[in-house]
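Single-structure report; data block below.
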Amino acid sequence: MPSLEIRPAREADLPAITAIYDREVRDNTATFELTPPDLTEMTRRFRALHDGGFPYLAATIGDEVLGYAYASSYRPRPAYRFTVENSVYLAPAAQRRGLGTQLLQRLIAECEARGHRQMIAVIGDSANAGSIGLHRRCGFAMIGTHPDVGFKFGRWLDTVMMQRALGDGARTTPAGG
């Protein structure tokens, strides 16, 4: 029986990744996106992150993609160049099995290896206990909540901000700083 593998995502994984994200957009509040992007748009996003040097990971068993995680630029201004934002999504069957923790831990390691110093989690919906717990388990601290900033499914939703230092964090000046 094949075992779990966390590896760099490939374009061949994007149909499964698109399906995972489609469900999140349609049924949940982890993302505030209202219309699920199609495969063409997900491919464009994947390529932009890949070309930007950001890690994009897939968790698989055999040929089945169970989840994915990636880092992206936190904000576009140059002063934020050492800070990334993370995203982690799992297929329903993969939830509550420790896979999210494994994906996020690997993503953290990949970002540290690239010289990033801070990771920000912008969690949709303050009631999203699973994502908040995942980030706590991986060393994130609660920074704050933006109340009522998103409107989805006919109700106002909060975003929760969490943060984790990567590598030396703010203790030292980064290379190229």
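Starting from 1 in every chain, residues are counted up; chains themselves are A, B, ... following the order of the structure tokens, and ligands are numbered from 1 as listed.
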
Legend entry - Per-residue DSSP, range 35-163 of chain A, filtered to helix (DSSP H, G or I), as a PyMOL selection string: chain A and resi 39-51+78-80+92-94+99-113+129-137

Generate the output file for the selected residues, N, CA and C atoms, as a tab-separated table (two decimals), in the first residue's frame.
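Final file, selection-v7.tsv:
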```tsv
chain	number	residue	atom	x	y	z
A	39	LEU	N	-9.90	25.48	-13.55
A	39	LEU	CA	-8.56	24.92	-13.69
A	39	LEU	C	-7.60	25.89	-14.35
A	40	THR	N	-8.06	26.65	-15.33
A	40	THR	CA	-7.19	27.62	-16.00
A	40	THR	C	-6.69	28.66	-15.01
A	41	GLU	N	-7.57	29.17	-14.17
A	41	GLU	CA	-7.18	30.17	-13.18
A	41	GLU	C	-6.28	29.56	-12.10
A	42	MET	N	-6.59	28.36	-11.66
A	42	MET	CA	-5.74	27.71	-10.65
A	42	MET	C	-4.35	27.43	-11.22
A	43	THR	N	-4.29	27.11	-12.51
A	43	THR	CA	-2.99	26.90	-13.16
A	43	THR	C	-2.22	28.21	-13.22
A	44	ARG	N	-2.90	29.30	-13.55
A	44	ARG	CA	-2.24	30.61	-13.58
A	44	ARG	C	-1.68	30.95	-12.20
A	45	ARG	N	-2.46	30.74	-11.16
A	45	ARG	CA	-2.01	31.03	-9.79
A	45	ARG	C	-0.82	30.15	-9.40
A	46	PHE	N	-0.91	28.87	-9.73
A	46	PHE	CA	0.18	27.94	-9.44
A	46	PHE	C	1.48	28.39	-10.10
A	47	ARG	N	1.39	28.73	-11.37
A	47	ARG	CA	2.59	29.15	-12.12
A	47	ARG	C	3.16	30.44	-11.55
A	48	ALA	N	2.31	31.37	-11.16
A	48	ALA	CA	2.80	32.64	-10.59
A	48	ALA	C	3.56	32.38	-9.30
A	49	LEU	N	3.05	31.51	-8.45
A	49	LEU	CA	3.75	31.19	-7.20
A	49	LEU	C	5.05	30.43	-7.50
A	50	HIS	N	4.97	29.46	-8.37
A	50	HIS	CA	6.16	28.69	-8.74
A	50	HIS	C	7.24	29.62	-9.32
A	51	ASP	N	6.84	30.47	-10.26
A	51	ASP	CA	7.80	31.39	-10.89
A	51	ASP	C	8.35	32.40	-9.88
A	78	PRO	N	8.01	46.18	-0.99
A	78	PRO	CA	9.31	45.55	-0.76
A	78	PRO	C	9.65	45.31	0.71
A	79	ALA	N	9.19	46.13	1.61
A	79	ALA	CA	9.52	45.94	3.03
A	79	ALA	C	8.98	44.62	3.56
A	80	TYR	N	7.98	44.04	2.90
A	80	TYR	CA	7.40	42.76	3.33
A	80	TYR	C	8.07	41.55	2.69
A	92	PRO	N	-11.96	16.46	2.27
A	92	PRO	CA	-12.71	16.10	3.48
A	92	PRO	C	-12.24	14.80	4.13
A	93	ALA	N	-11.92	13.79	3.34
A	93	ALA	CA	-11.49	12.50	3.90
A	93	ALA	C	-10.13	12.57	4.60
A	94	ALA	N	-9.38	13.62	4.32
A	94	ALA	CA	-8.04	13.76	4.90
A	94	ALA	C	-8.03	14.62	6.17
A	99	LEU	N	-2.72	15.35	8.79
A	99	LEU	CA	-2.13	15.70	7.49
A	99	LEU	C	-1.88	17.20	7.37
A	100	GLY	N	-2.81	18.01	7.87
A	100	GLY	CA	-2.61	19.46	7.82
A	100	GLY	C	-1.37	19.87	8.58
A	101	THR	N	-1.15	19.25	9.73
A	101	THR	CA	0.05	19.56	10.53
A	101	THR	C	1.31	19.19	9.75
A	102	GLN	N	1.31	18.03	9.12
A	102	GLN	CA	2.48	17.61	8.34
A	102	GLN	C	2.73	18.56	7.17
A	103	LEU	N	1.67	18.93	6.48
A	103	LEU	CA	1.82	19.86	5.36
A	103	LEU	C	2.36	21.21	5.82
A	104	LEU	N	1.78	21.76	6.90
A	104	LEU	CA	2.21	23.08	7.36
A	104	LEU	C	3.64	23.03	7.90
A	105	GLN	N	4.01	21.98	8.60
A	105	GLN	CA	5.39	21.87	9.09
A	105	GLN	C	6.37	21.82	7.92
A	106	ARG	N	6.05	21.09	6.89
A	106	ARG	CA	6.92	21.04	5.71
A	106	ARG	C	6.98	22.40	5.01
A	107	LEU	N	5.83	23.07	4.93
A	107	LEU	CA	5.80	24.40	4.32
A	107	LEU	C	6.67	25.38	5.10
A	108	ILE	N	6.60	25.32	6.41
A	108	ILE	CA	7.43	26.17	7.26
A	108	ILE	C	8.91	25.91	6.96
A	109	ALA	N	9.30	24.66	6.91
A	109	ALA	CA	10.70	24.31	6.62
A	109	ALA	C	11.13	24.82	5.24
A	110	GLU	N	10.26	24.68	4.25
A	110	GLU	CA	10.58	25.16	2.90
A	110	GLU	C	10.75	26.68	2.89
A	111	CYS	N	9.92	27.38	3.62
A	111	CYS	CA	10.02	28.85	3.67
A	111	CYS	C	11.28	29.29	4.41
A	112	GLU	N	11.61	28.60	5.49
A	112	GLU	CA	12.85	28.92	6.21
A	112	GLU	C	14.06	28.71	5.31
A	113	ALA	N	14.06	27.64	4.54
A	113	ALA	CA	15.17	27.36	3.63
A	113	ALA	C	15.31	28.43	2.55
A	129	ALA	N	-12.27	26.53	14.08
A	129	ALA	CA	-11.43	25.97	15.15
A	129	ALA	C	-10.36	25.03	14.60
A	130	GLY	N	-10.65	24.31	13.52
A	130	GLY	CA	-9.67	23.39	12.96
A	130	GLY	C	-8.42	24.11	12.48
A	131	SER	N	-8.60	25.18	11.73
A	131	SER	CA	-7.45	25.92	11.21
A	131	SER	C	-6.71	26.66	12.33
A	132	ILE	N	-7.45	27.23	13.25
A	132	ILE	CA	-6.81	27.92	14.37
A	132	ILE	C	-5.98	26.92	15.18
A	133	GLY	N	-6.54	25.76	15.45
A	133	GLY	CA	-5.80	24.73	16.19
A	133	GLY	C	-4.58	24.24	15.43
A	134	LEU	N	-4.71	24.04	14.13
A	134	LEU	CA	-3.58	23.63	13.30
A	134	LEU	C	-2.44	24.62	13.44
A	135	HIS	N	-2.74	25.90	13.31
A	135	HIS	CA	-1.69	26.91	13.38
A	135	HIS	C	-1.08	26.99	14.78
A	136	ARG	N	-1.88	26.85	15.81
A	136	ARG	CA	-1.33	26.82	17.18
A	136	ARG	C	-0.36	25.65	17.34
A	137	ARG	N	-0.75	24.47	16.85
A	137	ARG	CA	0.12	23.29	16.96
A	137	ARG	C	1.45	23.51	16.26
```

Could you give me, as a tab-separated table, a per-residue list for range 13-121 of chain A showing, wherever an atom lies at most 12 Å from an atom of range 148-157 of chain A, the closest pair of atoms and their distance in Å to one decimal, using only C-alpha atoms and sorting by chain then residue number from low to high?
```
residue	atom	partner	partner_atom	distance
A:Val25	CA	A:Lys152	CA	9.9
A:Arg26	CA	A:Phe153	CA	9.4
A:Asp27	CA	A:Phe153	CA	9.0
A:Asn28	CA	A:Phe153	CA	8.9
A:Thr29	CA	A:Lys152	CA	7.4
A:Ala30	CA	A:Leu157	CA	10.1
A:Thr31	CA	A:Lys152	CA	9.5
A:Phe32	CA	A:Gly150	CA	6.7
A:Glu33	CA	A:Lys152	CA	8.6
A:Leu34	CA	A:Lys152	CA	7.3
A:Thr35	CA	A:Lys152	CA	10.9
```

Take the residues just selected and output them with N, CA and C atoms as an mmCIF file, in the first residue's frame.
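Result saved to part.cif:
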```cif
data_model
loop_
_atom_site.group_PDB
_atom_site.id
_atom_site.type_symbol
_atom_site.label_atom_id
_atom_site.label_comp_id
_atom_site.auth_asym_id
_atom_site.auth_seq_id
_atom_site.Cartn_x
_atom_site.Cartn_y
_atom_site.Cartn_z
ATOM 1 N N VAL A 25 -14.600 26.787 -1.444
ATOM 2 C CA VAL A 25 -15.257 28.032 -1.844
ATOM 3 C C VAL A 25 -16.771 27.889 -1.743
ATOM 4 N N ARG A 26 -17.303 26.780 -2.238
ATOM 5 C CA ARG A 26 -18.761 26.586 -2.294
ATOM 6 C C ARG A 26 -19.398 26.325 -0.925
ATOM 7 N N ASP A 27 -18.693 25.592 -0.058
ATOM 8 C CA ASP A 27 -19.336 25.070 1.149
ATOM 9 C C ASP A 27 -18.819 25.619 2.466
ATOM 10 N N ASN A 28 -17.681 26.287 2.473
ATOM 11 C CA ASN A 28 -17.039 26.654 3.738
ATOM 12 C C ASN A 28 -16.623 28.121 3.774
ATOM 13 N N THR A 29 -16.137 28.535 4.914
ATOM 14 C CA THR A 29 -15.740 29.931 5.105
ATOM 15 C C THR A 29 -14.239 30.094 5.330
ATOM 16 N N ALA A 30 -13.459 29.057 5.044
ATOM 17 C CA ALA A 30 -12.007 29.182 5.178
ATOM 18 C C ALA A 30 -11.445 30.166 4.168
ATOM 19 N N THR A 31 -12.106 30.289 3.041
ATOM 20 C CA THR A 31 -11.733 31.279 2.039
ATOM 21 C C THR A 31 -12.920 32.208 1.835
ATOM 22 N N PHE A 32 -12.637 33.458 1.577
ATOM 23 C CA PHE A 32 -13.703 34.416 1.321
ATOM 24 C C PHE A 32 -13.968 34.575 -0.171
ATOM 25 N N GLU A 33 -13.333 33.738 -0.972
ATOM 26 C CA GLU A 33 -13.627 33.736 -2.396
ATOM 27 C C GLU A 33 -15.072 33.251 -2.566
ATOM 28 N N LEU A 34 -15.813 33.854 -3.473
ATOM 29 C CA LEU A 34 -17.232 33.522 -3.632
ATOM 30 C C LEU A 34 -17.524 32.626 -4.832
ATOM 31 N N THR A 35 -16.696 32.714 -5.863
ATOM 32 C CA THR A 35 -16.861 31.912 -7.062
ATOM 33 C C THR A 35 -15.622 31.041 -7.227
#
```

Write out as a PDB file with N, CA and C atoms, in the first residue's frame the residues lying within 6 Å of Asn86 in chain A, counting only C-alpha atoms and excluding same-chain residues fewer than 4 positions away.
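Everything below was put into selection_33.pdb:
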```
ATOM      1  N   TYR A  70       0.606  26.096   0.292  1.00  0.00           N
ATOM      2  CA  TYR A  70       1.564  26.948  -0.404  1.00  0.00           C
ATOM      3  C   TYR A  70       1.791  28.214   0.397  1.00  0.00           C
ATOM      4  N   ALA A  71       2.882  28.876   0.078  1.00  0.00           N
ATOM      5  CA  ALA A  71       3.187  30.192   0.640  1.00  0.00           C
ATOM      6  C   ALA A  71       3.129  31.194  -0.499  1.00  0.00           C
ATOM      7  N   ALA A 121      -0.778  33.759   8.971  1.00  0.00           N
ATOM      8  CA  ALA A 121      -1.974  33.007   8.625  1.00  0.00           C
ATOM      9  C   ALA A 121      -3.149  33.966   8.712  1.00  0.00           C
TER      10      ALA A 121
END
```

Legend entry - All residues 10 Å or closer to Thr145 in chain A, only C-alpha atoms, same chain fewer than 5 positions away omitted, as a PyMOL selection string: chain A and resi 122-123+125-126+158-162

Generate the output file for the selected residues, C-alpha atoms, as a JSON list (two decimals), in the first residue's frame.
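This went into part-v5.json:
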```json
[["chain", "number", "residue", "atom", "x", "y", "z"],
["A", 122, "VAL", "CA", -5.11, 34.88, 7.60],
["A", 123, "ILE", "CA", -7.84, 32.50, 8.73],
["A", 125, "ASP", "CA", -14.02, 32.83, 10.04],
["A", 126, "SER", "CA", -13.15, 33.05, 13.73],
["A", 158, "ASP", "CA", -14.24, 37.66, 10.93],
["A", 159, "THR", "CA", -10.68, 36.97, 9.89],
["A", 160, "VAL", "CA", -8.20, 35.73, 12.45],
["A", 161, "MET", "CA", -4.57, 36.75, 12.14],
["A", 162, "MET", "CA", -1.86, 34.42, 13.44]]
```

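Around Ala170 in chain A, within 12 Å and counting only C-alpha atoms, the residues found are Phe82, Thr83, Gly115, His116, Arg117, Gln118, Met119, Arg164, Ala165 and Gly177 of chain A, once anything fewer than 5 positions away on its own chain is removed.
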
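Here CA of Thr60 in chain A and CA of Ile6 in chain A stand 6.4 Å from one another.
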
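Reported to one decimal place, the separation of CA of Leu57 in chain A from CA of Ser73 in chain A is 15.8 Å.
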
Inset, instruction - as a PyMOL selection string, list the residues of range 40-163 of chain A assigned to strand (DSSP E or B) by DSSP on the backbone atoms of this structure. - result: chain A and resi 56-61+64-73+83-90+118-124+141-152+155-163

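Between CA of Pro8 in chain A and CA of Ala58 in chain A the separation is 6.0 Å.
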
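Using only C-alpha atoms, the protein and nucleic acid residues lying no more than 8 Å from range 61-68 of chain A, apart from those fewer than 5 places from it along its own chain, are Pro2, Ser3, Leu4, Glu5, Ala9, Asp13, Ala16, Ile17, Ile20, Tyr56, Val88, Tyr89, Leu90, Ala91, Ala93, Ala94, Leu99, Gly100 and Leu103 of chain A.
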
Please produce a file of those selected residues containing N, CA and C atoms, as a PDB file, in the first residue's frame.
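Generated output (again_4.pdb):
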```pdb
ATOM      1  N   PRO A   2       0.610   2.195  -0.877  1.00  0.00           N
ATOM      2  CA  PRO A   2       1.438   3.415  -0.916  1.00  0.00           C
ATOM      3  C   PRO A   2       1.313   4.207   0.387  1.00  0.00           C
ATOM      4  N   SER A   3       2.378   4.901   0.714  1.00  0.00           N
ATOM      5  CA  SER A   3       2.370   5.721   1.927  1.00  0.00           C
ATOM      6  C   SER A   3       2.216   7.201   1.561  1.00  0.00           C
ATOM      7  N   LEU A   4       1.963   7.991   2.580  1.00  0.00           N
ATOM      8  CA  LEU A   4       1.804   9.427   2.394  1.00  0.00           C
ATOM      9  C   LEU A   4       3.113  10.041   1.913  1.00  0.00           C
ATOM     10  N   GLU A   5       2.985  10.902   0.933  1.00  0.00           N
ATOM     11  CA  GLU A   5       4.136  11.649   0.428  1.00  0.00           C
ATOM     12  C   GLU A   5       3.758  13.127   0.376  1.00  0.00           C
ATOM     13  N   ALA A   9       4.185  20.295  -5.516  1.00  0.00           N
ATOM     14  CA  ALA A   9       3.031  20.080  -6.391  1.00  0.00           C
ATOM     15  C   ALA A   9       3.463  20.206  -7.843  1.00  0.00           C
ATOM     16  N   ASP A  13      -1.219  17.748 -10.712  1.00  0.00           N
ATOM     17  CA  ASP A  13      -2.010  17.709  -9.479  1.00  0.00           C
ATOM     18  C   ASP A  13      -3.146  18.726  -9.477  1.00  0.00           C
ATOM     19  N   ALA A  16      -7.057  17.919  -9.170  1.00  0.00           N
ATOM     20  CA  ALA A  16      -7.455  17.515  -7.816  1.00  0.00           C
ATOM     21  C   ALA A  16      -7.402  18.693  -6.855  1.00  0.00           C
ATOM     22  N   ILE A  17      -6.386  19.532  -6.966  1.00  0.00           N
ATOM     23  CA  ILE A  17      -6.269  20.726  -6.127  1.00  0.00           C
ATOM     24  C   ILE A  17      -7.440  21.663  -6.389  1.00  0.00           C
ATOM     25  N   ILE A  20     -10.526  20.301  -4.644  1.00  0.00           N
ATOM     26  CA  ILE A  20     -10.478  20.542  -3.190  1.00  0.00           C
ATOM     27  C   ILE A  20     -10.858  21.986  -2.903  1.00  0.00           C
ATOM     28  N   TYR A  56       5.046  25.276  -3.064  1.00  0.00           N
ATOM     29  CA  TYR A  56       3.673  24.830  -3.289  1.00  0.00           C
ATOM     30  C   TYR A  56       3.740  23.308  -3.179  1.00  0.00           C
ATOM     31  N   VAL A  88      -3.447  26.341   3.508  1.00  0.00           N
ATOM     32  CA  VAL A  88      -3.483  24.885   3.626  1.00  0.00           C
ATOM     33  C   VAL A  88      -4.924  24.439   3.412  1.00  0.00           C
ATOM     34  N   TYR A  89      -5.124  23.480   2.501  1.00  0.00           N
ATOM     35  CA  TYR A  89      -6.454  22.945   2.233  1.00  0.00           C
ATOM     36  C   TYR A  89      -6.374  21.431   2.127  1.00  0.00           C
ATOM     37  N   LEU A  90      -7.381  20.758   2.689  1.00  0.00           N
ATOM     38  CA  LEU A  90      -7.432  19.297   2.683  1.00  0.00           C
ATOM     39  C   LEU A  90      -8.750  18.806   2.100  1.00  0.00           C
ATOM     40  N   ALA A  91      -8.690  17.657   1.445  1.00  0.00           N
ATOM     41  CA  ALA A  91      -9.907  16.972   1.032  1.00  0.00           C
ATOM     42  C   ALA A  91     -10.643  16.541   2.304  1.00  0.00           C
ATOM     43  N   ALA A  93     -11.917  13.787   3.344  1.00  0.00           N
ATOM     44  CA  ALA A  93     -11.487  12.496   3.904  1.00  0.00           C
ATOM     45  C   ALA A  93     -10.132  12.570   4.600  1.00  0.00           C
ATOM     46  N   ALA A  94      -9.376  13.622   4.323  1.00  0.00           N
ATOM     47  CA  ALA A  94      -8.039  13.762   4.902  1.00  0.00           C
ATOM     48  C   ALA A  94      -8.026  14.618   6.165  1.00  0.00           C
ATOM     49  N   LEU A  99      -2.721  15.353   8.791  1.00  0.00           N
ATOM     50  CA  LEU A  99      -2.134  15.696   7.489  1.00  0.00           C
ATOM     51  C   LEU A  99      -1.880  17.198   7.366  1.00  0.00           C
ATOM     52  N   GLY A 100      -2.806  18.010   7.867  1.00  0.00           N
ATOM     53  CA  GLY A 100      -2.613  19.457   7.817  1.00  0.00           C
ATOM     54  C   GLY A 100      -1.374  19.875   8.576  1.00  0.00           C
ATOM     55  N   LEU A 103       1.672  18.933   6.484  1.00  0.00           N
ATOM     56  CA  LEU A 103       1.818  19.861   5.361  1.00  0.00           C
ATOM     57  C   LEU A 103       2.358  21.212   5.823  1.00  0.00           C
TER      58      LEU A 103
END
```

Inset, instruction - Between A:Thr173, A:Arg114, A:His146, A:Arg81, single out the one closest to Gly53 in chain A, counting only C-alpha atoms. - result: A:Arg114

Legend entry - Given only C-alpha atoms as the counted atoms, nearest of A:Pro147, A:Arg77, A:Ala175, A:Gln163 to Gly124 in chain A: A:Pro147
